[in-house]
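*Asks:* Supplied structure: data-v8.txt, compact mmCIF, C-alpha atoms and all ligand atoms.
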# COMPACT_ATOMS: atom_id res chain seq x y z
CA MET A 11 19.82 -6.06 3.16
CA ARG A 12 21.05 -2.69 1.79
CA LEU A 13 23.47 -2.18 -1.07
CA VAL A 14 26.64 -0.54 0.16
CA ASP A 15 29.86 0.14 -1.70
CA LYS A 16 32.57 -1.07 0.66
CA ASN A 17 35.36 0.39 -1.45
CA SER A 18 33.81 3.91 -1.22
CA ILE A 19 33.30 3.43 2.52
CA ALA A 20 36.94 2.47 3.03
CA VAL A 21 38.07 5.43 0.85
CA ALA A 22 35.79 7.94 2.65
CA PHE A 23 37.04 6.81 6.07
CA SER A 24 40.66 6.78 4.89
CA LYS A 25 40.26 10.40 3.71
CA ALA A 26 38.83 11.38 7.10
CA VAL A 27 41.68 9.88 9.08
CA GLN A 28 43.32 13.20 10.01
CA THR A 29 40.08 15.00 10.98
CA TYR A 30 38.08 12.16 12.55
CA ASP A 31 39.36 12.49 16.11
CA GLN A 32 38.64 16.25 16.44
CA GLN A 33 35.12 15.90 15.06
CA ALA A 34 33.97 12.67 16.65
CA SER A 35 32.44 13.97 19.90
CA LEU A 36 29.21 12.01 19.47
CA GLN A 37 31.12 8.86 18.51
CA ARG A 38 33.27 9.29 21.65
CA GLU A 39 30.22 9.65 23.91
CA ILE A 40 28.64 6.47 22.56
CA ALA A 41 32.01 4.66 22.65
CA ASP A 42 32.46 5.63 26.32
CA SER A 43 29.13 4.00 27.14
CA LEU A 44 30.19 0.71 25.45
CA ILE A 45 33.66 0.82 27.07
CA GLN A 46 32.11 1.26 30.52
CA GLN A 47 29.88 -1.78 29.98
CA VAL A 48 32.81 -3.94 28.81
CA LEU A 49 34.98 -2.89 31.78
CA GLN A 50 32.15 -3.71 34.20
CA ASN A 51 31.16 -7.06 32.70
CA VAL A 52 34.21 -8.63 31.06
CA PRO A 53 36.93 -9.40 33.64
CA MET A 54 39.59 -10.65 31.17
CA GLY A 55 40.26 -12.22 27.82
CA LYS A 56 40.54 -11.64 24.09
CA ILE A 57 38.55 -8.65 22.82
CA LEU A 58 37.84 -7.68 19.21
CA ASP A 59 37.17 -4.00 18.36
CA ALA A 60 35.28 -4.44 15.07
CA GLY A 61 35.37 -1.27 12.92
CA CYS A 62 37.99 0.25 15.21
CA GLY A 63 38.53 3.50 13.26
CA THR A 64 41.44 5.42 14.80
CA GLY A 65 41.39 2.99 17.74
CA TYR A 66 39.63 4.96 20.49
CA VAL A 67 37.73 1.99 21.99
CA ALA A 68 40.68 -0.43 21.65
CA GLN A 69 43.07 2.05 23.26
CA LYS A 70 40.82 2.62 26.30
CA LEU A 71 40.32 -1.12 26.78
CA LYS A 72 44.04 -1.86 26.34
CA LYS A 73 44.69 0.03 29.60
CA ASN A 74 43.26 -3.04 31.36
CA ASP A 75 46.20 -5.48 31.24
CA GLN A 76 43.83 -8.44 31.59
CA TYR A 77 42.69 -7.85 28.00
CA TYR A 78 44.34 -8.85 24.71
CA ILE A 79 42.93 -6.48 22.08
CA THR A 80 42.57 -7.05 18.34
CA ALA A 81 41.62 -4.00 16.25
CA LEU A 82 39.91 -4.61 12.89
CA ASP A 83 38.85 -2.13 10.22
CA LEU A 84 37.94 -2.09 6.53
CA SER A 85 39.95 1.09 5.94
CA GLU A 86 43.71 0.65 5.64
CA MET A 87 44.39 4.24 6.73
CA MET A 88 42.12 4.03 9.79
CA LEU A 89 43.86 0.83 10.82
CA TYR A 90 47.27 2.44 10.23
CA LYS A 91 46.21 5.35 12.48
CA ALA A 92 44.97 2.90 15.15
CA GLU A 93 48.34 1.16 14.97
CA SER A 94 50.34 4.40 15.18
CA ASN A 95 48.25 5.25 18.29
CA HIS A 96 49.36 1.86 19.76
CA SER A 97 45.67 1.16 20.37
CA ALA A 98 45.73 -2.64 20.35
CA HIS A 99 47.95 -5.72 20.56
CA ASN A 100 47.02 -6.93 17.09
CA TYR A 101 45.77 -5.17 13.90
CA VAL A 102 43.77 -6.83 11.13
CA GLN A 103 42.30 -5.32 7.98
CA GLY A 104 38.96 -6.96 7.31
CA ASP A 105 35.21 -6.81 6.96
CA ILE A 106 32.77 -7.20 9.85
CA GLU A 107 30.46 -9.18 7.55
CA ALA A 108 33.22 -11.74 6.76
CA LEU A 109 35.48 -11.77 9.80
CA PRO A 110 38.89 -13.38 9.18
CA PHE A 111 38.83 -15.31 12.48
CA LYS A 112 37.98 -18.86 13.52
CA ASP A 113 34.75 -19.62 15.42
CA GLY A 114 34.99 -18.88 19.14
CA SER A 115 38.16 -16.76 18.95
CA PHE A 116 37.10 -13.96 21.35
CA ASP A 117 35.66 -13.48 24.84
CA CYS A 118 34.09 -10.19 23.83
CA VAL A 119 33.38 -8.25 20.63
CA VAL A 120 32.78 -4.53 20.78
CA SER A 121 31.74 -2.45 17.76
CA ASN A 122 31.00 1.25 17.95
CA LEU A 123 29.06 2.86 15.08
CA ALA A 124 30.45 0.68 12.29
CA MET A 125 27.53 -1.65 11.53
CA GLN A 126 25.39 1.00 9.82
CA TRP A 127 27.94 0.72 6.98
CA CYS A 128 27.25 -3.00 6.45
CA HIS A 129 25.03 -4.61 3.79
CA SER A 130 23.12 -6.46 6.49
CA LEU A 131 23.08 -5.77 10.20
CA GLU A 132 21.89 -9.33 10.75
CA MET A 133 24.90 -10.73 8.85
CA ALA A 134 27.23 -8.47 10.85
CA MET A 135 25.72 -9.71 14.12
CA ILE A 136 25.83 -13.36 13.06
CA GLU A 137 29.52 -13.00 12.11
CA GLN A 138 30.39 -11.28 15.38
CA LEU A 139 28.52 -13.97 17.33
CA ARG A 140 30.34 -16.68 15.36
CA VAL A 141 33.77 -15.46 16.48
CA LEU A 142 32.65 -15.24 20.13
CA LYS A 143 33.32 -18.06 22.59
CA LEU A 144 30.35 -19.60 24.44
CA GLY A 145 29.43 -17.22 27.26
CA GLY A 146 31.10 -14.36 25.37
CA GLN A 147 29.50 -10.95 25.05
CA LEU A 148 28.81 -8.61 22.17
CA TYR A 149 28.57 -4.84 22.77
CA LEU A 150 27.34 -2.92 19.74
CA SER A 151 26.11 0.48 18.78
CA THR A 152 24.60 1.49 15.46
CA LEU A 153 22.67 4.40 13.99
CA ILE A 154 19.00 3.86 13.22
CA GLN A 155 16.17 5.77 11.53
CA PRO A 156 15.41 8.67 11.52
CA SER A 157 19.06 9.74 12.00
CA LEU A 158 19.99 12.90 10.06
CA TRP A 159 16.32 13.42 9.14
CA GLU A 160 16.65 17.24 8.96
CA LEU A 161 19.39 16.93 6.32
CA LYS A 162 17.44 14.31 4.37
CA LYS A 163 14.30 16.52 4.28
CA ALA A 164 16.28 19.61 3.29
CA TRP A 165 18.01 17.73 0.42
CA GLN A 166 14.63 16.49 -0.83
CA THR A 167 13.71 20.10 -1.67
CA VAL A 168 16.91 20.49 -3.74
CA ASP A 169 17.03 17.37 -5.97
CA ASN A 170 15.99 13.71 -6.20
CA GLU A 171 19.38 12.20 -5.48
CA GLN A 172 20.28 10.25 -2.37
CA HIS A 173 22.52 12.42 -0.18
CA VAL A 174 21.91 10.78 3.20
CA MET A 175 22.40 7.08 3.81
CA ASP A 176 19.48 4.82 4.72
CA PHE A 177 19.54 3.62 8.30
CA ILE A 178 17.81 0.52 9.59
CA SER A 179 14.46 1.14 11.31
CA GLY A 180 14.01 0.30 14.98
CA GLU A 181 11.25 -2.13 13.93
CA ILE A 182 13.50 -4.10 11.53
CA LEU A 183 16.24 -4.11 14.16
CA GLU A 184 13.78 -5.62 16.66
CA ASN A 185 12.80 -8.28 14.09
CA HIS A 186 16.45 -9.19 13.60
CA LEU A 187 16.89 -9.43 17.35
CA ALA A 188 13.76 -11.58 17.70
CA GLN A 189 15.16 -13.96 15.07
CA LEU A 190 18.46 -14.11 16.94
CA GLU A 191 16.54 -14.84 20.13
CA LEU A 192 15.05 -17.91 18.43
CA ASN A 193 18.58 -19.22 18.12
CA PRO A 194 19.10 -21.31 21.29
CA LYS A 195 22.74 -20.21 21.50
CA VAL A 196 21.91 -16.54 22.09
CA ASP A 197 20.42 -14.93 25.16
CA HIS A 198 20.20 -11.71 27.17
CA ILE A 199 19.62 -9.28 24.33
CA VAL A 200 19.43 -5.76 25.71
CA CYS A 201 18.54 -2.98 23.29
CA HIS A 202 18.60 0.65 24.35
CA CYS A 203 17.64 3.39 21.84
CA TYR A 204 18.07 7.14 22.26
CA ALA A 205 18.46 10.39 20.31
CA LYS A 206 21.40 12.84 20.32
CA GLU A 207 21.17 16.30 18.79
CA LEU A 208 24.27 18.12 17.50
CA LEU A 209 24.19 21.87 16.82
CA PHE A 210 26.05 23.79 14.09
CA ASN A 211 26.54 27.47 13.28
CA ASP A 212 25.77 27.03 9.59
CA ILE A 213 25.20 24.49 6.82
CA PHE A 214 28.92 24.52 5.84
CA SER A 215 30.07 23.38 9.27
CA LEU A 216 27.26 20.81 9.39
CA LEU A 217 28.25 19.26 6.04
CA LYS A 218 31.95 19.51 6.91
CA SER A 219 31.33 17.60 10.13
CA LEU A 220 29.98 14.63 8.13
CA GLN A 221 32.94 14.79 5.75
CA ASN A 222 35.40 15.00 8.63
CA ILE A 223 34.10 11.80 10.18
CA GLY A 224 34.04 9.99 6.82
CA ALA A 225 30.24 9.69 6.77
CA THR A 226 29.89 10.55 3.10
CA ALA A 227 29.97 7.23 1.23
CA LEU A 228 26.64 6.49 -0.44
CA PRO A 229 25.59 3.71 -2.81
CA GLN A 230 24.33 5.80 -5.78
CA ARG A 231 25.83 9.22 -5.16
CA LYS A 232 27.11 11.10 -8.24
CA LYS A 233 30.69 12.20 -7.80
CA GLY A 234 31.61 15.88 -7.99
CA LEU A 235 31.49 19.08 -6.01
CA MET A 236 28.27 20.66 -4.88
CA GLY A 237 27.34 23.81 -6.86
CA LYS A 238 26.89 27.22 -5.20
CA ASP A 239 23.18 27.34 -6.15
CA GLN A 240 22.61 23.84 -4.83
CA LEU A 241 24.25 24.72 -1.52
CA GLN A 242 22.22 27.93 -1.20
CA LYS A 243 18.99 25.99 -1.84
CA LEU A 244 20.02 23.47 0.80
CA ALA A 245 20.85 26.24 3.30
CA ASP A 246 17.45 27.91 2.66
CA ALA A 247 15.57 24.64 3.10
CA TYR A 248 17.51 23.77 6.27
CA ALA A 249 16.85 27.22 7.81
CA ILE A 250 13.35 26.16 8.92
CA TYR A 251 14.96 23.90 11.56
CA GLN A 252 17.20 26.67 12.96
CA ASP A 253 16.56 28.08 16.42
CA GLU A 254 18.57 30.46 18.63
CA SER A 255 21.06 27.69 19.55
CA GLY A 256 21.94 26.81 15.93
CA LEU A 257 21.22 24.29 13.18
CA PRO A 258 20.30 20.90 14.67
CA LEU A 259 21.29 17.50 13.26
CA THR A 260 19.82 14.55 15.12
CA TYR A 261 21.35 11.09 15.45
CA TYR A 262 19.33 8.09 16.71
CA VAL A 263 21.43 5.39 18.33
CA ALA A 264 20.74 1.75 19.26
CA GLU A 265 23.05 0.15 21.81
CA LEU A 266 22.91 -3.64 22.00
CA ARG A 267 24.27 -6.20 24.38
CA VAL A 268 24.05 -9.88 23.47
CA THR A 269 25.38 -12.91 25.36
CA LYS A 270 26.25 -16.11 23.47
CA LEU A 271 25.14 -19.19 25.37
C1 LIG B 1 32.10 5.94 12.56
S1 LIG B 1 33.63 5.09 12.47
C2 LIG B 1 33.75 4.48 14.12
C3 LIG B 1 35.15 4.14 14.50
C4 LIG B 1 35.39 3.69 15.93
N1 LIG B 1 34.64 2.47 16.24
C5 LIG B 1 35.08 4.79 16.92
O1 LIG B 1 34.30 4.55 17.85
O2 LIG B 1 35.65 5.88 16.79
C6 LIG B 1 33.21 3.64 11.54
C7 LIG B 1 34.41 2.75 11.21
O3 LIG B 1 33.91 1.51 10.73
C8 LIG B 1 34.69 1.10 9.63
N2 LIG B 1 33.88 0.18 8.82
C9 LIG B 1 32.81 0.47 8.07
N3 LIG B 1 32.31 -0.64 7.51
C10 LIG B 1 33.09 -1.68 7.94
C11 LIG B 1 33.09 -3.08 7.71
N4 LIG B 1 32.18 -3.65 6.91
N5 LIG B 1 34.03 -3.83 8.31
C12 LIG B 1 34.98 -3.26 9.10
N6 LIG B 1 35.03 -1.93 9.35
C13 LIG B 1 34.09 -1.15 8.78
C14 LIG B 1 35.09 2.38 8.92
O4 LIG B 1 36.23 2.22 8.08
C15 LIG B 1 35.33 3.31 10.11
O5 LIG B 1 36.67 3.28 10.54
Let me see the file written as structure tokens.

*Replies:*
Amino acid sequence: MRLVDKNSIAVAFSKAVQTYDQQASLQREIADSLIQQVLQNVPMGKILDAGCGTGYVAQKLKKNDQYYITALDLSEMMLYKAESNHSAHNYVQGDIEALPFKDGSFDCVVSNLAMQWCHSLEMAMIEQLRVLKLGGQLYLSTLIQPSLWELKKAWQTVDNEQHVMDFISGEILENHLAQLELNPKVDHIVCHCYAKELLFNDIFSLLKSLQNIGATALPQRKKGLMGKDQLQKLADAYAIYQDESGLPLTYYVAELRVTKL
């Protein structure tokens, strides 16, 4: 269980609503992988896109007229954007850890890169399994440790504050999955982990990229702008990771597929 401030998360994502789509190349790539799996394995039915953001996943799935898509997000502005993109058939503002749906409401739940913002990944999975019908499938992706490790290390040379969110470790994720496997109603857990490196020209564009996708809400972060000296120190510390292709920032992703029996 991690402490997260859901109000700050919703505000950070609402602020990023205009820039998210241009900056979300990694999110798109991971979303495409989940979408492919849903299209191949779920022939029809009610699908929930949990943490839909601007509605990319919902919109792609909606093209299949055998699906009825519900888009849910914590952020009012993200949901509004998803709706103005005509991404889904139904739009609901809500929290993945307390889904406003009855048990067994959906044939499939898909959630791309939203669960790392939850207090408890286990709670998020239990909730998403609860709203699935028997035989329904859950397709999830989340970020895990040591995502953004270069930025975390560089910040540690500048001050003692938390600037990068804590991600769940692969080991804890496996423990959660093992506990779920003990539940006789869950089967076929497939977990696939991989790393993706993004490259930036400089520290400004790297930090801006996180802001543009709304990934800036942290539990104990002091508010206020970063000073010039602080930014220079960060740039100097980050320079040790630079090579001829640019400044790297690495994301570690876990993709999960779970079937409810
Ligand atoms: C990185 S974006 C991903 C958006 C979308 N799934 C995509 O693939 O582009 C994460 C989204 O999850 C939402 N989110 C974060 N925590 C949430 C929660 N507890 N319940 C519902 N949505 C949440 C955010 O508001 C944001 O829109």

*Asks:* So the first atom is atom CA of Val268 of chain A and the second is atom CA of Asn74 of chain A; what is the distance between them in Å, to one decimal place?

*Replies:* 21.9 Å

*Asks:* Could you tell me, as a PyMOL selection string, which residues have any atom at most 9 Å from (18.1, -11.2, 23.7), counting only C-alpha atoms?

*Replies:* chain A and resi 187-188+190-191+196-201+267-269

*Asks:* Could you write out the selected residues, including C-alpha atoms, as a tab-separated table (two decimals), in the frame of the given file?

*Replies:*
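Result file follows (again-v1.tsv):
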chain	number	residue	atom	x	y	z
A	187	LEU	CA	16.89	-9.43	17.35
A	188	ALA	CA	13.76	-11.58	17.70
A	190	LEU	CA	18.46	-14.11	16.94
A	191	GLU	CA	16.54	-14.84	20.13
A	196	VAL	CA	21.91	-16.54	22.09
A	197	ASP	CA	20.42	-14.93	25.16
A	198	HIS	CA	20.20	-11.71	27.17
A	199	ILE	CA	19.62	-9.28	24.33
A	200	VAL	CA	19.43	-5.76	25.71
A	201	CYS	CA	18.54	-2.98	23.29
A	267	ARG	CA	24.27	-6.20	24.38
A	268	VAL	CA	24.05	-9.88	23.47
A	269	THR	CA	25.38	-12.91	25.36

*Asks:* Which is closer to Gln252 of chain A than all the others in A:Ser43, A:Gln33, A:Gln50, A:Asn211, using all atoms listed in the file?

*Replies:*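 Among the listed residues, the smallest separation from Gln252 of chain A belongs to A:Asn211.
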
*Asks:* Restricting the calculation to all atoms listed in the file: of A:Asn122, A:Thr80, A:Thr29, A:Ser97, which residue gets closest to ligand LIG 1 (chain B)?

*Replies:*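 Checking each candidate against ligand LIG 1 (chain B), we get A:Asn122 as the closest.
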
*Asks:* Find, counting all atoms listed in the file, the residue in A:Met133, A:Ala98, A:Met236, A:Leu109 that gets nearest to Val168 of chain A.

*Replies:*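 Among A:Met133, A:Ala98, A:Met236, A:Leu109, it is A:Met236 that comes nearest to Val168 of chain A.
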
*Asks:* With distances taken over only C-alpha atoms, which residue among A:Tyr66, A:Phe116, A:Tyr77, A:Tyr149 lies nearest His96 of chain A?

*Replies:* A:Tyr66

*Asks:* Need the shell around Glu265 of chain A: protein/DNA/RNA residues with any atom at most 12 Å away, counting all atoms listed in the file. Skip same-chain ones fewer than 6 positions apart. Format as an MDAnalysis selection string?

*Replies:* chainID A and resid 40:45 47 120:123 125 148:154 180 183 199:205

*Asks:* Let me make sure I understand: among A:Ser157, A:Ser115, A:Gln242, A:Gln126, which one has the smallest atom-to-atom distance to Arg140 of chain A if we use all atoms listed in the file?

*Replies:*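 Using all atoms listed in the file, Arg140 of chain A sits closest to A:Ser115.
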
*Asks:* Once you count all atoms listed in the file, what closest atom pair and distance in Å to one decimal does each residue of chain A within 9 Å of ligand LIG 1 (chain B) have, with rows by chain and rising residue number, as a tab-separated table?

*Replies:*
residue	atom	partner	partner_atom	distance
A:Lys16	CA	B:LIG1	N4	6.8
A:Ile19	CA	B:LIG1	C9	6.3
A:Ala20	CA	B:LIG1	O4	5.1
A:Val21	CA	B:LIG1	O4	8.1
A:Ala22	CA	B:LIG1	O4	7.9
A:Phe23	CA	B:LIG1	O4	5.1
A:Ser24	CA	B:LIG1	O4	7.1
A:Val27	CA	B:LIG1	O5	8.4
A:Tyr30	CA	B:LIG1	O2	8.0
A:Asp31	CA	B:LIG1	O2	7.6
A:Ala34	CA	B:LIG1	O2	7.0
A:Gln37	CA	B:LIG1	O1	5.4
A:Arg38	CA	B:LIG1	O1	6.2
A:Glu39	CA	B:LIG1	O1	8.9
A:Ile40	CA	B:LIG1	O1	7.6
A:Ala41	CA	B:LIG1	O1	5.3
A:Asp42	CA	B:LIG1	O1	8.7
A:Asp59	CA	B:LIG1	N1	7.3
A:Ala60	CA	B:LIG1	C12	6.1
A:Gly61	CA	B:LIG1	N6	3.6
A:Cys62	CA	B:LIG1	N1	4.1
A:Gly63	CA	B:LIG1	O5	3.3
A:Thr64	CA	B:LIG1	O2	6.1
A:Gly65	CA	B:LIG1	C4	6.3
A:Tyr66	CA	B:LIG1	O2	5.5
A:Val67	CA	B:LIG1	O1	6.0
A:Ala68	CA	B:LIG1	N1	8.6
A:Leu82	CA	B:LIG1	C12	6.4
A:Asp83	CA	B:LIG1	N6	3.9
A:Leu84	CA	B:LIG1	N6	4.1
A:Ser85	CA	B:LIG1	O4	4.4
A:Glu86	CA	B:LIG1	O4	8.0
A:Met87	CA	B:LIG1	O4	8.5
A:Met88	CA	B:LIG1	O5	5.6
A:Leu89	CA	B:LIG1	O5	7.6
A:Gln103	CA	B:LIG1	C12	7.7
A:Gly104	CA	B:LIG1	C12	5.7
A:Asp105	CA	B:LIG1	N5	3.5
A:Ile106	CA	B:LIG1	N5	3.9
A:Glu107	CA	B:LIG1	N4	5.8
A:Ala108	CA	B:LIG1	N5	8.1
A:Leu109	CA	B:LIG1	N5	8.2
A:Val120	CA	B:LIG1	N1	8.5
A:Ser121	CA	B:LIG1	N1	5.9
A:Asn122	CA	B:LIG1	N1	4.2
A:Leu123	CA	B:LIG1	C1	5.0
A:Ala124	CA	B:LIG1	O3	3.9
A:Met125	CA	B:LIG1	N3	6.3
A:Gln126	CA	B:LIG1	N3	7.5
A:Trp127	CA	B:LIG1	N3	4.6
A:Cys128	CA	B:LIG1	N4	5.0
A:His129	CA	B:LIG1	N4	7.9
A:Ala134	CA	B:LIG1	N4	8.0
A:Ile223	CA	B:LIG1	C1	6.6
A:Gly224	CA	B:LIG1	C1	7.3
A:Ala225	CA	B:LIG1	C1	7.1

*Asks:* Just to confirm, what's the straight-line distance from atom CA of His186 of chain A to atom CA of Lys143 of chain A in Å (one decimal)?

*Replies:*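 Computed distance, atom CA of His186 of chain A to atom CA of Lys143 of chain A, equals 21.1 Å.
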
*Asks:* So how far away is atom CA of Asp117 of chain A from atom CA of Leu58 of chain A, in Å?

*Replies:*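 Computing the Euclidean distance for atom CA of Leu58 of chain A and atom CA of Asp117 of chain A yields 8.4 Å.
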
*Asks:* Rank A:Lys72, A:Ile250, A:Gly256, A:Glu132 by their smallest atom-to-atom distance to Asn185 of chain A, using all atoms listed in the file, and report the top residue only.

*Replies:*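 The answer is A:Glu132, which sits nearest to Asn185 of chain A.
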
*Asks:* Pro156 of chain A: which residues within 10 Å, counting only C-alpha atoms, same-chain residues fewer than 5 positions away excluded, as a list in words?

*Replies:*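 In the requested format, the answer is Lys162, Asp176, Phe177, Ile178, Ser179, Gly180, Ala205, Thr260, Tyr261, Tyr262 and Val263 of chain A.
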
*Asks:* Near Asp212 of chain A, within 12 Å and counting only C-alpha atoms, which residues show up once chain neighbours fewer than 5 positions away are dropped, as a ChimeraX atom specification?

*Replies:* /A:217-219,241-242,244-246,248-249,251-253,255-259
